[in-house]
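Enquirer: Quick one: the structure is below, questions incoming.
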Amino acid sequence: MPSPSREAVGPAFDPALMQHAREKSWAALHGIRTRMRPGISEDEAKAAAREVLGALGCERLWHPLIIRIGANTTKTYRQRSDPNVRLGENDSYFIDLGLVFDGHEGDVGDTFVVGHAPQRQACADAARALFGEVAAAWRAQGLSGQALYAFAGERAAAMGWRLNHAIKGHRVGDFPHAIHKGGDLGDLPAPPSSGLWILEIQIAHPTEPFGAFHEDLLSA
């Protein structure tokens, strides 16, 4: 089992509130999606996102708003976007939200396509499918965090995509989860418990400058 410190929670922690934060975070993400139009920049998209979050009663962000467009979809959260990129007529983007509702942390992400971009759509679909396969392996086999990401890398390659191994998932909980120093899911040598860990999947086309991202709470 994981060490208690890696899955520690605070006295206010409530599994039902974790699920509520997850549901509200997905509602926020889809609300932001409705604001995305060809020509929009990432900064403009973030400004629109803040309006959505305010309307939903988001208490705060626990990580910065991340919206990546076009070639920026290959970048990790630590890399700066090219500020000159705008959403094209046939293009893709992803949204990554780390939000707090009722003192509990949600963390969701997904990739969407505008116009006609079959390869980009295939990439977005593959990120969701790979997430589903890895989550199913966790539920069925009780794999460790390390084994989950080894499996993800193998499956991504078999599907014809390149997994970004710098993205390894992480803990969430009652805010702030960071005080418990749970570390990355991909470094966890034991099976992660339900309702405490975010599985992150980021893939990219092997030669073209676009990728896709999908993340959600691992929940039995």
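Residues are named by chain letter and number: chains run A, B, ... in the order of the structure tokens, numbers start at 1 in each chain, and ligands are numbered from 1 in the order shown.
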Determine, counting only C-alpha atoms, which protein, DNA and RNA residues have an atom within 12 Å of an atom of Ala71 of chain A; residues of the same chain fewer than 3 positions away are not included. Present the result as a list of chain:residue names.
Expert: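 Contacts, with the query itself left out: A:Glu42, A:Ile67, A:Arg68, A:Thr74, A:Lys75, A:Thr76, A:Arg80, A:Ser81, A:Asp82, A:Pro83, A:Asn84, A:Val85, A:Arg86, A:Leu87, A:Gly88, A:Asp91, A:Ser92, A:Tyr93, A:Phe94, A:Arg120, A:Ala204, A:His205, A:Thr207, A:Glu208, A:Pro209, A:Phe210, A:Gly211, A:Ala212.
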Enquirer: List the neighbours of Asp14 of chain A out to 10 Å using only C-alpha atoms; skip same-chain residues closer than 2 positions along the sequence, and give me the result as number ranges by chain.
Expert: A: 9-12, 16-20, 102-104, 173-174
Enquirer: Could those residues be written to a file, using N, CA and C atoms, as an mmCIF file, in the first residue's frame?
Expert:
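Written out: again_5.cif:
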```cif
data_model
loop_
_atom_site.group_PDB
_atom_site.id
_atom_site.type_symbol
_atom_site.label_atom_id
_atom_site.label_comp_id
_atom_site.auth_asym_id
_atom_site.auth_seq_id
_atom_site.Cartn_x
_atom_site.Cartn_y
_atom_site.Cartn_z
ATOM 1 N N VAL A 9 -4.804 13.045 4.119
ATOM 2 C CA VAL A 9 -5.816 14.072 3.864
ATOM 3 C C VAL A 9 -6.010 14.879 5.136
ATOM 4 N N GLY A 10 -6.666 16.029 5.003
ATOM 5 C CA GLY A 10 -6.930 16.877 6.151
ATOM 6 C C GLY A 10 -8.211 16.491 6.872
ATOM 7 N N PRO A 11 -8.476 17.114 8.008
ATOM 8 C CA PRO A 11 -9.660 16.766 8.799
ATOM 9 C C PRO A 11 -10.973 17.096 8.103
ATOM 10 N N ALA A 12 -10.944 17.988 7.123
ATOM 11 C CA ALA A 12 -12.177 18.369 6.423
ATOM 12 C C ALA A 12 -12.454 17.505 5.192
ATOM 13 N N ALA A 16 -17.318 12.552 -0.825
ATOM 14 C CA ALA A 16 -18.460 13.059 -1.596
ATOM 15 C C ALA A 16 -18.165 14.454 -2.145
ATOM 16 N N LEU A 17 -17.452 15.267 -1.368
ATOM 17 C CA LEU A 17 -17.093 16.600 -1.843
ATOM 18 C C LEU A 17 -16.025 16.536 -2.930
ATOM 19 N N MET A 18 -15.186 15.515 -2.890
ATOM 20 C CA MET A 18 -14.227 15.320 -3.979
ATOM 21 C C MET A 18 -14.978 15.058 -5.282
ATOM 22 N N GLN A 19 -15.993 14.220 -5.236
ATOM 23 C CA GLN A 19 -16.769 13.940 -6.439
ATOM 24 C C GLN A 19 -17.539 15.178 -6.901
ATOM 25 N N HIS A 20 -18.026 15.956 -5.925
ATOM 26 C CA HIS A 20 -18.721 17.198 -6.279
ATOM 27 C C HIS A 20 -17.768 18.163 -6.984
ATOM 28 N N ASP A 102 -15.923 23.989 -2.463
ATOM 29 C CA ASP A 102 -16.194 23.490 -1.115
ATOM 30 C C ASP A 102 -14.939 22.940 -0.445
ATOM 31 N N GLY A 103 -13.820 23.616 -0.685
ATOM 32 C CA GLY A 103 -12.573 23.230 -0.045
ATOM 33 C C GLY A 103 -11.927 21.979 -0.605
ATOM 34 N N HIS A 104 -12.418 21.456 -1.724
ATOM 35 C CA HIS A 104 -11.880 20.243 -2.319
ATOM 36 C C HIS A 104 -11.463 20.507 -3.761
ATOM 37 N N GLY A 173 -6.979 16.456 -3.247
ATOM 38 C CA GLY A 173 -7.618 16.217 -1.959
ATOM 39 C C GLY A 173 -8.321 17.465 -1.474
ATOM 40 N N ASP A 174 -8.450 17.582 -0.165
ATOM 41 C CA ASP A 174 -8.946 18.845 0.377
ATOM 42 C C ASP A 174 -7.807 19.856 0.259
#
```
Enquirer: Write out as a list in words each polymer residue whose atoms come within 12 Å of Phe101 of chain A, counting only C-alpha atoms; drop sequence neighbours fewer than 4 positions from it.
Expert: Asp14, Ala16, Leu17, Met18, Gln19, His20, Ala21, Arg22, Glu23, Lys24, Ser25, Trp26, Ala28, Leu53, Gly54, Leu56, Gly57, Cys58, Glu59, Arg60, Leu61, Trp62, Glu105, Gly106, Asp107, Gly173, Asp174, Phe175 and Pro176 of chain A
Enquirer: Could you pull out the residues in segment 121-189 of chain A that DSSP calls helix (DSSP H, G or I) from the backbone, as a PyMOL selection string?
Expert: chain A and resi 121-141+145-159+177-180+185-187
Enquirer: Convert the current residue selection to file output with C-alpha atoms, as a PDB file, in the first residue's frame.
Expert:
```
ATOM      1  CA  GLN A 121      -9.591  14.497 -33.956  1.00  0.00           C
ATOM      2  CA  ALA A 122      -7.937  11.092 -34.009  1.00  0.00           C
ATOM      3  CA  CYS A 123      -5.357  12.352 -31.524  1.00  0.00           C
ATOM      4  CA  ALA A 124      -8.022  13.734 -29.183  1.00  0.00           C
ATOM      5  CA  ASP A 125      -9.966  10.477 -29.412  1.00  0.00           C
ATOM      6  CA  ALA A 126      -6.809   8.470 -28.744  1.00  0.00           C
ATOM      7  CA  ALA A 127      -6.006  10.441 -25.579  1.00  0.00           C
ATOM      8  CA  ARG A 128      -9.484   9.684 -24.204  1.00  0.00           C
ATOM      9  CA  ALA A 129      -9.275   6.031 -25.245  1.00  0.00           C
ATOM     10  CA  LEU A 130      -5.831   5.622 -23.685  1.00  0.00           C
ATOM     11  CA  PHE A 131      -7.042   7.204 -20.457  1.00  0.00           C
ATOM     12  CA  GLY A 132      -9.905   4.711 -20.429  1.00  0.00           C
ATOM     13  CA  GLU A 133      -7.583   1.738 -20.985  1.00  0.00           C
ATOM     14  CA  VAL A 134      -5.181   2.785 -18.237  1.00  0.00           C
ATOM     15  CA  ALA A 135      -7.989   3.496 -15.759  1.00  0.00           C
ATOM     16  CA  ALA A 136      -9.567   0.131 -16.579  1.00  0.00           C
ATOM     17  CA  ALA A 137      -6.237  -1.622 -15.968  1.00  0.00           C
ATOM     18  CA  TRP A 138      -6.020   0.078 -12.576  1.00  0.00           C
ATOM     19  CA  ARG A 139      -9.516  -1.089 -11.633  1.00  0.00           C
ATOM     20  CA  ALA A 140      -9.084  -4.645 -12.926  1.00  0.00           C
ATOM     21  CA  GLN A 141      -5.472  -5.385 -12.005  1.00  0.00           C
ATOM     22  CA  GLY A 145       1.303   4.097 -10.357  1.00  0.00           C
ATOM     23  CA  GLN A 146       4.631   3.157 -11.921  1.00  0.00           C
ATOM     24  CA  ALA A 147       3.070   0.211 -13.736  1.00  0.00           C
ATOM     25  CA  LEU A 148       0.169   2.330 -14.958  1.00  0.00           C
ATOM     26  CA  TYR A 149       2.481   4.730 -16.765  1.00  0.00           C
ATOM     27  CA  ALA A 150       4.630   1.916 -18.159  1.00  0.00           C
ATOM     28  CA  PHE A 151       1.413   0.422 -19.537  1.00  0.00           C
ATOM     29  CA  ALA A 152       0.355   3.831 -20.894  1.00  0.00           C
ATOM     30  CA  GLY A 153       3.643   4.206 -22.758  1.00  0.00           C
ATOM     31  CA  GLU A 154       3.338   0.765 -24.338  1.00  0.00           C
ATOM     32  CA  ARG A 155      -0.275   1.321 -25.389  1.00  0.00           C
ATOM     33  CA  ALA A 156       0.399   4.802 -26.781  1.00  0.00           C
ATOM     34  CA  ALA A 157       3.202   3.439 -28.967  1.00  0.00           C
ATOM     35  CA  ALA A 158       0.996   0.567 -30.148  1.00  0.00           C
ATOM     36  CA  MET A 159      -1.678   3.110 -31.071  1.00  0.00           C
ATOM     37  CA  HIS A 177      -3.162  18.733  -1.140  1.00  0.00           C
ATOM     38  CA  ALA A 178       0.451  19.836  -1.661  1.00  0.00           C
ATOM     39  CA  ILE A 179       1.167  19.910   2.074  1.00  0.00           C
ATOM     40  CA  HIS A 180       1.018  16.091   2.079  1.00  0.00           C
ATOM     41  CA  LEU A 185       1.340   9.078  -9.622  1.00  0.00           C
ATOM     42  CA  GLY A 186       3.882   7.721 -12.102  1.00  0.00           C
ATOM     43  CA  ASP A 187       6.433   7.365  -9.286  1.00  0.00           C
TER      44      ASP A 187
END
```
Enquirer: For Asp184 of chain A, find every residue with an atom within 6 Å (counting only C-alpha atoms), except residues of its own chain fewer than 4 positions away, and show them as number ranges by chain.
Expert: A: 168-170
Enquirer: Write the residues of the preceding selection, restricted to N, CA and C atoms, as a CSV table (one decimal), in the first residue's frame.
Expert:
```
chain,number,residue,atom,x,y,z
A,168,LYS,N,3.0,12.8,-15.3
A,168,LYS,CA,2.9,11.5,-14.6
A,168,LYS,C,1.7,11.5,-13.6
A,169,GLY,N,0.8,12.4,-13.6
A,169,GLY,CA,-0.3,12.4,-12.7
A,169,GLY,C,0.1,12.9,-11.3
A,170,HIS,N,-0.8,13.0,-10.4
A,170,HIS,CA,-0.5,13.6,-9.1
A,170,HIS,C,-1.7,13.4,-8.1
```
Enquirer: Between A:Ile203, A:Leu143, A:Val52, A:Ala117, which has the minimum distance to Ala190 of chain A (counting only C-alpha atoms)?
Expert: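 Under the stated criterion, the closest residue is A:Leu143.
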